[in-house]
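Engineer: Got a structure for you, written out below as structure tokens; questions coming shortly.
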Amino acid sequence: MDCGSCAAKIETALRRVPGIHEVRVSVPAGTVTVSHENMLGADAVVRPLTALGYGATPADPVVEAGPSSCGRGCCGAEAQPHSHAHSHDHSHNYSHGHDDASETPWWRGRKALLTLAAGAALAAATALGLLVPAAEPWAFPLALLVGLVPVARRALAAARAGTPFSIEMLMTVAAIGALLIGAVEEAATVLVLFLVGELLEGVAAGRARAGIRGLTALVPDTALLEQDGGAPHSVPAAGLAVGSVILVRPGDRVAADGVVLSGRSAVDESPVTGESVPKPKAEGDEVFAGTINADGALRVRVTATARDNTIARIVRLVEEAQASKAPTERLIDRFARFYTPGIVGVAALVAVVPPLLSGGDWTEWIYRALAVLLIGCPCALVISTPAAIAAGLSNGARRGLLLKGGAVLEALGRITTVAFDKTGTLTEGKPRVTDLIPLLGSEAELLADAAALEAGSSHPLARAILAAAAERGIAPPAAGEVTALPGAGLTGKVDGRLLALLSPQAAASSLSAAQADRAAAFAEAGKTVSVLLVDGIPAGLIAMRDEPRPDARSGIEALDRAGIHSLMVTGDNARTAGAVAGMLGMAAHAELLPDDKLRIVRDLQARGQRVAKVGDGINDAPALAAADVGIAMGGGTDVALETADAAILHGRVGDVAALVALSRRTMANIRQNIALALGLKAVFLLTTVLGVTGLWPAILADTGATVLVTANALRLLSVRP
């Protein structure tokens, strides 16, 4: 499955099977969950899917379930068992077959092989027609059949399953209509373009599923379990029970949600909360699965099983948000509900009614009917709409703006609110030294001593200090006996002096009231402060903050000019978020977990807003999926890029407004194309029925419409912001 129409065909086919009560299809997860009568076998469920061309296998052991239970919506999850005495329903979960992108490379899948075969056949027919003109009458029909036969089989299977006017049926009617009046080359070309579009959809769907599965890789496979007073030993993390006690060593990922029993450390929570600086943890503090312990050992009591930990909840939120997002139906598929049967009916009437009622010449009216079929052939629409979308996407790609298809283009132009993450989106994503306050000596000496202690450390604040020293050309002296104080800072010796680089809380006893007030003022401005002590005496304050991107202010103003409201949603602390938001002139919502960000997006949508969410982290994934359009900022995690509908590779805030402008231009171009194609067809349909024009003008009308709309679409390639 790769789109909403696939899900609709599957749901329609399964609902027609006697004994099936409920069908729930998840395109993101590639699963269908079916609640059915006790006596219904698995073959009765798989058979309709196989007939539609989808491989299907049971995702879980088949278990008895109550009428309210269902599969977990992801491959390999267990259905919830209920007592058979209370229910005669079963709930079975089925996953995609061998075309799953996680199992088979996309270029080896059935869709890719069919597309390559159809393209190669068309190229061979073209070459043969040029070299041996006498072979052209049979070369192109054979090339057409390579792609048409599988598509026609799918169309017939969908029709038998209750979807007679699917996009496959539309393509089949278009190709056969063109074949009947001799436009075989055009029919073969349109069919190849259709197959290419389907292939790209399949690749995108497979990558999205891989992104969801990648979330679970954040949680380690094993944990160090303390049991019966013995030494910690390695056990599978998936088997940890609530109440178990685990040891998390420095550098390890936390294996489960829990509460710290003992120990002090700094924990990098950026995968879950987006917090730009590791957060100090001590007894009684919460820790989340998938976060990274920095510098001290922690004993943690587990508070949630693997199925219910933070990462597992994010996975479920992403899947649920993507599944509940109503997919935009493809324009041609929507149009086919009325257009295809209407054109076939008109052609049949043109061929039959005049000879029967007025004694007209059968040959003449069949000729006119064939012309009507050609005029009605949606080749121009099938080619021109993707051409406009492709031109818009190509224009964006050259500027580092990637969009996942035409539905995203359409949605972007209607956005009314943009919710920005802070860290790595509105800001650079790494702290920078903003203030140096020497209390003894000079700024250079202060920075040199601090850099000496931080040399070799990978902590974000250490990297900020070392980068500031490098920018000023300061070579830090060598430090000895450097010791990390978990949750407090560092100590060491430089040139016989005892240095300590501490947090203001850890250095509070050494600071005067004025110095403490100065550190507090920096903290109020959203800055992280380190205090340097030399032999116990305060030698200086170093303030650091993750600063806004250079174009953040102008990017927000560009959205304002486009009539789009902006706000900040971040897991960072309120003071930092408020300071950055104040600089950019926007409202801020801070200290949010992933489900809080999702709730804010849902609330905005409930008030009638069309929301775009911009972020770069795993913690943004649920909100990215739930938003009308999710936009991943350059440098973001793979999960954010896969979950999002669009990506900004160059990390410019101003590119959000550029995406909106590109969307609006592209959608205007598509509307022009549709008006051109349908307008020409309407004119020539009327003149053909009246006998003013015949087969060749009809061919010229259809081809001319294709040329005009394609040329109009290509104008998008030259559009500049």
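If you're wondering about the labels, chains in the structure tokens are A, B, ... by order shown, residues count from 1 in each chain, ligands from 1 in order shown.
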Near Ala587 (chain A), within 12 Å and counting only C-alpha atoms, which residues show up once chain neighbours fewer than 6 positions away are dropped, as JSON, numbers by chain?

Structural biologist: {"A": [418, 419, 420, 421, 422, 556, 565, 566, 567, 568, 569, 570, 574, 577, 578, 579, 580, 581]}

Engineer: Per DSSP on the backbone, filter region 501-574 of chain A down to the residues in strand (DSSP E or B) and report them as an MDAnalysis selection string.

Structural biologist: chainID A and resid 501:502 528:534 537:545 548 565:569

Engineer: Restricting the output to N, CA and C atoms, write the selected residues as a CSV table (one decimal), in the first residue's frame.

Structural biologist:
chain,number,residue,atom,x,y,z
A,501,LEU,N,35.5,24.3,37.3
A,501,LEU,CA,34.5,24.9,36.5
A,501,LEU,C,33.1,24.3,36.8
A,502,LEU,N,32.3,25.1,37.5
A,502,LEU,CA,31.1,24.6,38.2
A,502,LEU,C,29.9,25.3,37.8
A,528,THR,N,23.0,29.5,30.0
A,528,THR,CA,23.6,28.6,30.9
A,528,THR,C,25.0,29.2,31.4
A,529,VAL,N,25.2,29.2,32.7
A,529,VAL,CA,26.4,29.8,33.2
A,529,VAL,C,27.3,28.8,33.9
A,530,SER,N,28.6,29.0,33.6
A,530,SER,CA,29.6,28.2,34.3
A,530,SER,C,30.5,29.2,35.0
A,531,VAL,N,30.8,28.8,36.3
A,531,VAL,CA,31.7,29.7,37.2
A,531,VAL,C,33.1,29.0,37.3
A,532,LEU,N,34.1,29.8,37.0
A,532,LEU,CA,35.5,29.4,37.1
A,532,LEU,C,36.0,29.8,38.5
A,533,LEU,N,36.5,28.8,39.3
A,533,LEU,CA,37.1,29.1,40.5
A,533,LEU,C,38.6,28.8,40.4
A,534,VAL,N,39.5,29.7,40.9
A,534,VAL,CA,40.9,29.4,40.9
A,534,VAL,C,41.3,29.4,42.4
A,537,ILE,N,38.7,30.7,44.6
A,537,ILE,CA,38.2,32.1,44.5
A,537,ILE,C,37.6,32.3,43.1
A,538,PRO,N,36.4,33.0,43.0
A,538,PRO,CA,35.8,33.2,41.7
A,538,PRO,C,36.6,34.0,40.8
A,539,ALA,N,36.9,33.4,39.6
A,539,ALA,CA,37.8,34.0,38.6
A,539,ALA,C,37.0,34.5,37.4
A,540,GLY,N,35.8,34.1,37.3
A,540,GLY,CA,35.0,34.6,36.1
A,540,GLY,C,33.7,33.8,35.9
A,541,LEU,N,32.8,34.4,35.1
A,541,LEU,CA,31.6,33.8,34.7
A,541,LEU,C,31.6,33.6,33.2
A,542,ILE,N,31.2,32.5,32.7
A,542,ILE,CA,31.0,32.2,31.2
A,542,ILE,C,29.6,31.9,31.0
A,543,ALA,N,28.9,32.7,30.2
A,543,ALA,CA,27.5,32.5,29.8
A,543,ALA,C,27.4,32.0,28.4
A,544,MET,N,26.5,30.9,28.2
A,544,MET,CA,26.4,30.3,26.9
A,544,MET,C,24.9,30.1,26.6
A,545,ARG,N,24.6,30.2,25.3
A,545,ARG,CA,23.2,30.0,24.9
A,545,ARG,C,23.2,29.5,23.5
A,548,PRO,N,19.7,32.1,18.1
A,548,PRO,CA,18.8,32.0,16.9
A,548,PRO,C,19.7,32.0,15.7
A,565,HIS,N,0.6,32.9,10.9
A,565,HIS,CA,1.0,33.1,12.3
A,565,HIS,C,2.0,32.1,12.7
A,566,SER,N,3.0,32.5,13.6
A,566,SER,CA,4.1,31.6,14.0
A,566,SER,C,4.1,31.5,15.5
A,567,LEU,N,4.5,30.3,16.1
A,567,LEU,CA,4.6,30.1,17.5
A,567,LEU,C,5.7,29.1,17.7
A,568,MET,N,6.3,29.1,18.9
A,568,MET,CA,7.3,28.1,19.3
A,568,MET,C,6.8,27.1,20.2
A,569,VAL,N,7.1,25.8,19.9
A,569,VAL,CA,6.8,24.7,20.8
A,569,VAL,C,8.0,23.9,21.1

Engineer: Need to verify the contact set: Asp495 (chain A), 10 Å, only C-alpha atoms, exclusion of same-chain residues closer than 6 positions in sequence. Can you return it as an MDAnalysis selection string?

Structural biologist: chainID A and resid 477:480

Engineer: Please write the residues from the selection above to a file, keeping all heavy atoms, as a compact mmCIF listing (two decimals), in the first residue's frame.

Structural biologist:
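Generated output (out18.txt):
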# COMPACT_ATOMS: atom_id res chain seq x y z
N PRO A 477 46.30 25.86 28.05
CA PRO A 477 47.41 25.11 28.65
C PRO A 477 46.97 23.70 29.02
O PRO A 477 45.78 23.38 29.03
CB PRO A 477 47.75 25.93 29.90
CG PRO A 477 46.46 26.63 30.25
CD PRO A 477 45.79 26.92 28.94
N ALA A 478 47.93 22.85 29.32
CA ALA A 478 47.61 21.47 29.70
C ALA A 478 47.11 21.43 31.13
O ALA A 478 47.63 22.11 32.01
CB ALA A 478 48.84 20.58 29.54
N ALA A 479 46.08 20.63 31.34
CA ALA A 479 45.52 20.46 32.69
C ALA A 479 45.77 19.04 33.17
O ALA A 479 45.76 18.09 32.38
CB ALA A 479 44.02 20.76 32.68
N GLY A 480 46.00 18.90 34.46
CA GLY A 480 46.22 17.59 35.04
C GLY A 480 45.20 17.29 36.13
O GLY A 480 44.56 18.19 36.67

Engineer: When you look at Asp295 (chain A) with a cut-off of 10 Å (counting only C-alpha atoms), what residues show up, excluding the ones that are within fewer than 3 positions of it in the same chain? I need them as a ChimeraX atom specification.

Structural biologist: /A:249-252,264-267,292,298,459,484-487,489

Engineer: Restricting the calculation to only C-alpha atoms, which member of A:Leu662, A:Leu716, A:Ala519, A:Val482 is positioned closest to Leu498 (chain A)?

Structural biologist: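 Going through A:Leu662, A:Leu716, A:Ala519, A:Val482 one by one, the smallest distance to Leu498 (chain A) is for A:Val482.
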
Engineer: Residues near Ala112 (chain A), anyone? I mean within 10 Å using only C-alpha atoms, not counting same-chain ones fewer than 3 positions away, as a PyMOL selection string.

Structural biologist: chain A and resi 105-109+115-118+195-196+198-200+202-203

Engineer: Pick out the residues sitting within 9 Å of Pro460 (chain A), and hand them over as a compact mmCIF listing (two decimals) with C-alpha atoms, in the first residue's frame; count only C-alpha atoms, and ignore anything fewer than 4 positions along from it in its own chain.

Structural biologist:
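So the final result, stored in selection15.txt, reads:
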# COMPACT_ATOMS: atom_id res chain seq x y z
CA SER A 276 19.71 21.42 24.10
CA VAL A 277 21.85 20.91 27.22
CA PRO A 278 22.17 17.65 29.22
CA LYS A 430 24.44 24.04 19.82
CA PRO A 431 25.39 26.49 22.61
CA ALA A 464 31.14 25.82 23.08
CA ILE A 465 34.03 26.91 25.31

Engineer: In Å, how far is it from CA of Ser442 (chain A) to CA of Pro476 (chain A)?

Structural biologist: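 About the pair CA of Ser442 (chain A) and CA of Pro476 (chain A): they are 14.1 Å apart.
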